[in-house]
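Dumped run-v9.pdb below, it's PDB, C-alpha atoms:
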ATOM      1  CA  MET G   1      86.570 157.533  99.273
ATOM      2  CA  ASN G   2      84.076 159.334  97.052
ATOM      3  CA  VAL G   3      84.290 158.725  93.305
ATOM      4  CA  GLU G   4      82.168 159.675  90.314
ATOM      5  CA  PHE G   5      81.835 157.094  87.538
ATOM      6  CA  TYR G   6      80.820 158.317  84.081
ATOM      7  CA  PHE G   7      79.390 155.733  81.697
ATOM      8  CA  ASP G   8      77.862 155.337  78.252
ATOM      9  CA  PRO G   9      75.730 152.166  77.874
ATOM     10  CA  SER G  10      77.179 151.483  74.412
ATOM     11  CA  CYS G  11      80.806 151.203  75.551
ATOM     12  CA  PRO G  12      82.056 147.678  76.423
ATOM     13  CA  PHE G  13      85.121 149.053  78.193
ATOM     14  CA  SER G  14      82.948 151.271  80.380
ATOM     15  CA  TRP G  15      80.842 148.205  81.220
ATOM     16  CA  ILE G  16      83.787 146.055  82.315
ATOM     17  CA  THR G  17      85.279 148.876  84.394
ATOM     18  CA  SER G  18      81.929 149.471  86.101
ATOM     19  CA  ARG G  19      81.754 145.818  87.185
ATOM     20  CA  TRP G  20      85.331 146.012  88.493
ATOM     21  CA  LEU G  21      84.463 149.133  90.486
ATOM     22  CA  LEU G  22      81.469 147.385  92.050
ATOM     23  CA  ILE G  23      83.662 144.453  93.092
ATOM     24  CA  ALA G  24      86.109 146.856  94.715
ATOM     25  CA  SER G  25      83.337 148.812  96.440
ATOM     26  CA  ASN G  26      82.110 145.637  98.133
ATOM     27  CA  GLU G  27      85.460 145.335  99.941
ATOM     28  CA  ARG G  28      86.667 148.921 100.212
ATOM     29  CA  ASP G  29      85.137 152.118 101.579
ATOM     30  CA  ILE G  30      84.017 153.570  98.245
ATOM     31  CA  THR G  31      80.962 155.729  97.596
ATOM     32  CA  ILE G  32      80.115 155.819  93.889
ATOM     33  CA  SER G  33      78.090 158.512  92.141
ATOM     34  CA  TRP G  34      76.885 157.151  88.788
ATOM     35  CA  LYS G  35      76.789 159.715  85.991
ATOM     36  CA  PRO G  36      75.714 159.325  82.361
ATOM     37  CA  PHE G  37      78.214 160.417  79.720
ATOM     38  CA  SER G  38      76.744 160.637  76.217
ATOM     39  CA  LEU G  39      79.401 159.826  73.642
ATOM     40  CA  ALA G  40      76.943 161.036  71.005
ATOM     41  CA  LEU G  41      76.981 164.499  72.595
ATOM     42  CA  LYS G  42      80.715 164.439  73.337
ATOM     43  CA  ASN G  43      81.538 163.548  69.720
ATOM     44  CA  LYS G  44      78.764 165.727  68.240
ATOM     45  CA  GLU G  45      77.220 162.656  66.622
ATOM     46  CA  LEU G  46      73.528 163.461  66.941
ATOM     47  CA  THR G  47      73.742 165.173  63.548
ATOM     48  CA  ASP G  48      76.945 163.572  62.233
ATOM     49  CA  THR G  49      76.338 161.182  59.322
ATOM     50  CA  GLU G  50      79.924 160.062  58.791
ATOM     51  CA  ASN G  51      81.223 158.710  62.109
ATOM     52  CA  LEU G  52      81.589 154.927  62.255
ATOM     53  CA  HIS G  53      80.196 154.699  65.801
ATOM     54  CA  ARG G  54      77.369 157.179  65.196
ATOM     55  CA  GLY G  55      74.567 154.590  65.185
ATOM     56  CA  TRP G  56      75.686 152.865  68.392
ATOM     57  CA  HIS G  57      76.130 156.132  70.227
ATOM     58  CA  GLN G  58      72.819 157.565  69.032
ATOM     59  CA  THR G  59      70.819 154.551  70.212
ATOM     60  CA  SER G  60      72.706 154.683  73.504
ATOM     61  CA  HIS G  61      71.872 158.383  73.790
ATOM     62  CA  ARG G  62      68.155 157.547  73.482
ATOM     63  CA  LEU G  63      68.586 155.111  76.379
ATOM     64  CA  LEU G  64      70.382 157.766  78.434
ATOM     65  CA  ARG G  65      67.462 160.140  77.920
ATOM     66  CA  VAL G  66      65.128 157.477  79.321
ATOM     67  CA  MET G  67      67.479 156.819  82.243
ATOM     68  CA  SER G  68      67.562 160.551  82.994
ATOM     69  CA  ALA G  69      63.779 160.762  82.891
ATOM     70  CA  ALA G  70      63.425 157.697  85.119
ATOM     71  CA  GLU G  71      65.838 159.151  87.675
ATOM     72  CA  GLN G  72      64.213 162.600  87.655
ATOM     73  CA  HIS G  73      60.568 161.589  87.684
ATOM     74  CA  ASN G  74      60.546 158.130  89.277
ATOM     75  CA  GLN G  75      63.605 158.255  91.555
ATOM     76  CA  ALA G  76      65.014 155.280  89.640
ATOM     77  CA  SER G  77      68.507 154.023  90.416
ATOM     78  CA  LEU G  78      70.979 154.792  87.632
ATOM     79  CA  VAL G  79      73.256 151.929  88.605
ATOM     80  CA  ARG G  80      70.382 149.449  88.462
ATOM     81  CA  LEU G  81      69.260 150.753  85.082
ATOM     82  CA  TYR G  82      72.840 150.605  83.828
ATOM     83  CA  THR G  83      73.307 147.097  85.214
ATOM     84  CA  ILE G  84      70.249 145.561  83.547
ATOM     85  CA  SER G  85      70.927 147.374  80.262
ATOM     86  CA  GLY G  86      74.588 146.368  80.376
ATOM     87  CA  LEU G  87      73.790 142.708  80.914
ATOM     88  CA  LYS G  88      71.387 142.777  77.990
ATOM     89  CA  ARG G  89      73.764 144.669  75.703
ATOM     90  CA  HIS G  90      77.220 143.382  76.598
ATOM     91  CA  VAL G  91      76.526 139.868  77.890
ATOM     92  CA  LEU G  92      73.461 138.839  75.887
ATOM     93  CA  GLY G  93      74.454 140.859  72.830
ATOM     94  CA  GLU G  94      71.113 142.592  72.339
ATOM     95  CA  GLU G  95      70.803 145.810  70.317
ATOM     96  CA  ILE G  96      69.456 148.924  72.035
ATOM     97  CA  THR G  97      66.009 149.217  70.462
ATOM     98  CA  ASP G  98      62.648 150.407  71.767
ATOM     99  CA  ASP G  99      61.862 146.834  72.841
ATOM    100  CA  PHE G 100      65.225 146.712  74.636
ATOM    101  CA  ILE G 101      64.392 149.902  76.543
ATOM    102  CA  LYS G 102      60.897 148.639  77.374
ATOM    103  CA  ALA G 103      62.418 145.468  78.840
ATOM    104  CA  VAL G 104      64.792 147.526  81.004
ATOM    105  CA  LEU G 105      61.874 149.601  82.293
ATOM    106  CA  THR G 106      59.798 146.496  82.977
ATOM    107  CA  ASP G 107      62.668 144.869  84.875
ATOM    108  CA  GLN G 108      62.857 147.906  87.151
ATOM    109  CA  LYS G 109      59.038 148.134  87.487
ATOM    110  CA  LEU G 110      59.020 151.544  85.812
ATOM    111  CA  PRO G 111      56.180 152.834  83.609
ATOM    112  CA  GLU G 112      56.497 152.025  79.917
ATOM    113  CA  SER G 113      55.473 155.617  79.188
ATOM    114  CA  LEU G 114      59.061 156.626  80.023
ATOM    115  CA  LEU G 115      59.978 155.299  76.580
ATOM    116  CA  GLY G 116      58.678 158.604  75.218
ATOM    117  CA  ALA G 117      61.733 160.314  76.717
ATOM    118  CA  ALA G 118      63.975 158.481  74.221
ATOM    119  CA  ASP G 119      63.224 161.106  71.569
ATOM    120  CA  ASP G 120      62.640 164.041  73.919
ATOM    121  CA  GLN G 121      65.399 166.603  73.487
ATOM    122  CA  GLN G 122      64.570 168.340  76.763
ATOM    123  CA  TYR G 123      66.902 165.877  78.515
ATOM    124  CA  ASP G 124      69.863 166.776  76.312
ATOM    125  CA  ALA G 125      70.767 169.914  78.255
ATOM    126  CA  GLY G 126      71.235 167.930  81.454
ATOM    127  CA  LEU G 127      73.220 165.224  79.664
ATOM    128  CA  GLN G 128      75.396 167.870  78.007
ATOM    129  CA  GLN G 129      76.042 169.454  81.395
ATOM    130  CA  LEU G 130      77.366 166.132  82.700
ATOM    131  CA  VAL G 131      79.660 165.793  79.686
ATOM    132  CA  ASP G 132      80.904 169.337  80.234
ATOM    133  CA  GLU G 133      81.567 168.653  83.925
ATOM    134  CA  ALA G 134      83.677 165.618  83.058
ATOM    135  CA  VAL G 135      85.581 167.475  80.326
ATOM    136  CA  ASN G 136      86.292 170.380  82.690
ATOM    137  CA  ILE G 137      87.944 167.935  85.083
ATOM    138  CA  GLY G 138      89.680 165.557  82.681
ATOM    139  CA  GLY G 139      90.200 167.517  79.480
ATOM    140  CA  SER G 140      88.667 167.488  76.020
ATOM    141  CA  ASP G 141      90.222 164.186  74.870
ATOM    142  CA  ILE G 142      88.555 161.967  77.487
ATOM    143  CA  GLY G 143      85.981 159.243  76.886
ATOM    144  CA  VAL G 144      84.529 156.508  79.048
ATOM    145  CA  PRO G 145      85.157 154.874  81.404
ATOM    146  CA  PHE G 146      85.952 158.075  83.263
ATOM    147  CA  ILE G 147      86.436 158.189  87.033
ATOM    148  CA  VAL G 148      86.703 161.291  89.187
ATOM    149  CA  PHE G 149      88.524 160.924  92.506
ATOM    150  CA  GLU G 150      88.073 163.335  95.392
ATOM    151  CA  ASN G 151      91.318 164.250  97.134
ATOM    152  CA  ASN G 152      91.646 164.771 100.871
ATOM    153  CA  ASP G 153      91.521 168.544 100.387
ATOM    154  CA  GLY G 154      88.253 168.318  98.444
ATOM    155  CA  THR G 155      89.757 168.897  95.011
ATOM    156  CA  LYS G 156      88.949 166.493  92.190
ATOM    157  CA  GLN G 157      91.088 164.642  89.674
ATOM    158  CA  GLY G 158      89.581 162.623  86.854
ATOM    159  CA  PHE G 159      91.048 160.015  84.535
ATOM    160  CA  PHE G 160      89.977 158.147  81.417
ATOM    161  CA  GLY G 161      90.184 154.541  82.576
ATOM    162  CA  PRO G 162      91.154 152.138  83.836
ATOM    163  CA  VAL G 163      90.438 150.470  80.496
ATOM    164  CA  LEU G 164      90.182 146.744  81.146
ATOM    165  CA  GLN G 165      90.261 143.992  78.529
ATOM    166  CA  THR G 166      88.586 141.481  80.861
ATOM    167  CA  LEU G 167      87.116 141.528  84.356
ATOM    168  CA  PRO G 168      89.860 140.868  86.932
ATOM    169  CA  SER G 169      89.508 138.324  89.721
ATOM    170  CA  LYS G 170      88.456 139.628  93.120
ATOM    171  CA  LYS G 171      92.071 139.740  94.375
ATOM    172  CA  GLU G 172      93.283 141.444  91.202
ATOM    173  CA  SER G 173      90.370 143.883  91.389
ATOM    174  CA  LEU G 174      91.293 144.929  94.915
ATOM    175  CA  ASP G 175      94.998 145.174  94.053
ATOM    176  CA  LEU G 176      94.099 147.365  91.087
ATOM    177  CA  TRP G 177      91.873 149.604  93.195
ATOM    178  CA  ASP G 178      94.457 149.977  95.966
ATOM    179  CA  GLY G 179      97.163 150.977  93.521
ATOM    180  CA  LEU G 180      94.995 153.161  91.324
ATOM    181  CA  SER G 181      93.354 155.076  94.163
ATOM    182  CA  LYS G 182      96.793 156.078  95.498
ATOM    183  CA  LEU G 183      98.059 156.999  92.048
ATOM    184  CA  ALA G 184      94.931 158.882  91.014
ATOM    185  CA  THR G 185      94.920 161.092  94.106
ATOM    186  CA  ASN G 186      98.579 162.029  93.703
ATOM    187  CA  THR G 187      98.512 165.590  92.407
ATOM    188  CA  SER G 188     101.722 165.045  90.415
ATOM    189  CA  PHE G 189     100.352 162.084  88.449
ATOM    190  CA  TYR G 190      99.213 162.703  84.884
ATOM    191  CA  GLU G 191      99.018 159.628  82.643
ATOM    192  CA  LEU G 192      99.917 155.991  81.983
ATOM    193  CA  LYS G 193      99.275 154.552  78.535
ATOM    194  CA  ARG G 194     100.021 151.676  76.165
ATOM    195  CA  SER G 195      98.609 150.462  72.862
ATOM    196  CA  ARG G 196      95.217 148.768  72.977
ATOM    197  CA  PRO G 197      95.082 145.010  72.164
ATOM    198  CA  ASN G 198      93.706 144.068  68.757
ATOM    199  CA  THR G 199      91.033 141.797  70.232
ATOM    200  CA  MET G 200      87.636 142.982  71.440
ATOM    201  CA  PRO G 201      87.089 143.326  75.218
ATOM    202  CA  ASP G 202      85.846 140.179  76.948
ATOM    203  CA  THR G 203      82.474 141.428  78.158
ATOM    204  CA  LEU G 204      81.330 137.853  78.787
ATOM    205  CA  SER G 205      83.766 137.817  81.722
ATOM    206  CA  THR G 206      81.187 139.967  83.542
ATOM    207  CA  SER G 207      78.336 137.478  83.127
ATOM    208  CA  SER G 208      78.409 136.434  86.796
ATOM    209  CA  CYS G 209      78.177 140.012  88.102
TER     210      CYS G 209
END

Output the file's structure as structure tokens, nothing else.
Amino acid sequence: MNVEFYFDPSCPFSWITSRWLLIASNERDITISWKPFSLALKNKELTDTENLHRGWHQTSHRLLRVMSAAEQHNQASLVRLYTISGLKRHVLGEEITDDFIKAVLTDQKLPESLLGAADDQQYDAGLQQLVDEAVNIGGSDIGVPFIVFENNDGTKQGFFGPVLQTLPSKKESLDLWDGLSKLATNTSFYELKRSRPNTMPDTLSTSSC
């Protein structure tokens, strides 16, 4: 099955879901296309001075610009860039600074000069296009994690989620994938929802991934 996974490096829920999807893909026939989703662009936060999450999303957007540049000019792997940045951000608790981005580039043996893309607005059009593609499939109220499933007839259905509080065990991960993939490709299915727990997501549960 082909799926598209949209992520923002700042989002802990997106991070946990991405690790779950990788576990499932090791045991199931899943081809994943990794796609950046800038919450700063989605929420129009690049110029917004009031939003609570503005700072987190803006620093994440700078990282997404660098990821886009690295993919375009150096054929870098988005999933590898996302993995190293996610471990640093969500497991080690590091802030996304210039030094953070430099360390990600160094880990992937990419030129430090790519850091210049962090403040280069030329990459915003491409990032906005990816946001627009996701919104066209899932609707204007989506965020990340966002997964697009390809149906047998080639049509696509996308859903915000699954939003996971902690990383499931391998068995639970496969059970979740098996159930979700059937549900998500049912053209009659629309939504499941419940209130979010008060506690923060357990990103440390992904430390062994």

Can you find the residues with an atom no farther than 12 Å from (66.5, 160.2, 86.4), counting only C-alpha atoms, and report them as a ChimeraX atom specification?
-> /G:34-36,63-82,110,114,117,123,126-127

Work out how far CA of Asp202 in chain G is from CA of Val163 in chain G, in Å to one decimal.
->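 Computing the Euclidean distance for CA of Val163 in chain G and CA of Asp202 in chain G yields 11.8 Å.
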
Do you know which residues the PyMOL selection byres ((chain G and resi 87-100) around 9) returns on this file, as a VMD selection string?
-> chain G and resid 9 to 12 15 56 59 to 60 62 to 63 82 to 86 101 to 105 115 118 203 to 207 209

Between CA of Asn186 in chain G and CA of Glu27 in chain G, measure the distance and give it in Å to one decimal.
-> 22.1 Å

Tell me, in Å to one decimal, how far CA of Ser33 in chain G is from CA of Ile147 in chain G.
->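 These two atoms are separated by 9.8 Å.
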
Taking the file above as input, evaluate the PyMOL selection byres ((chain G and resi 40) around 8) and report the hits as a VMD selection string.
-> chain G and resid 38 to 39 41 to 46 54 57 to 58 61

Leaving out range 196-198 of chain G and any residue of its chain fewer than 6 positions from it, which residues lie within 12 Å of it when counting all atoms listed in the file, given as a ChimeraX atom specification?
-> /G:13,163-166
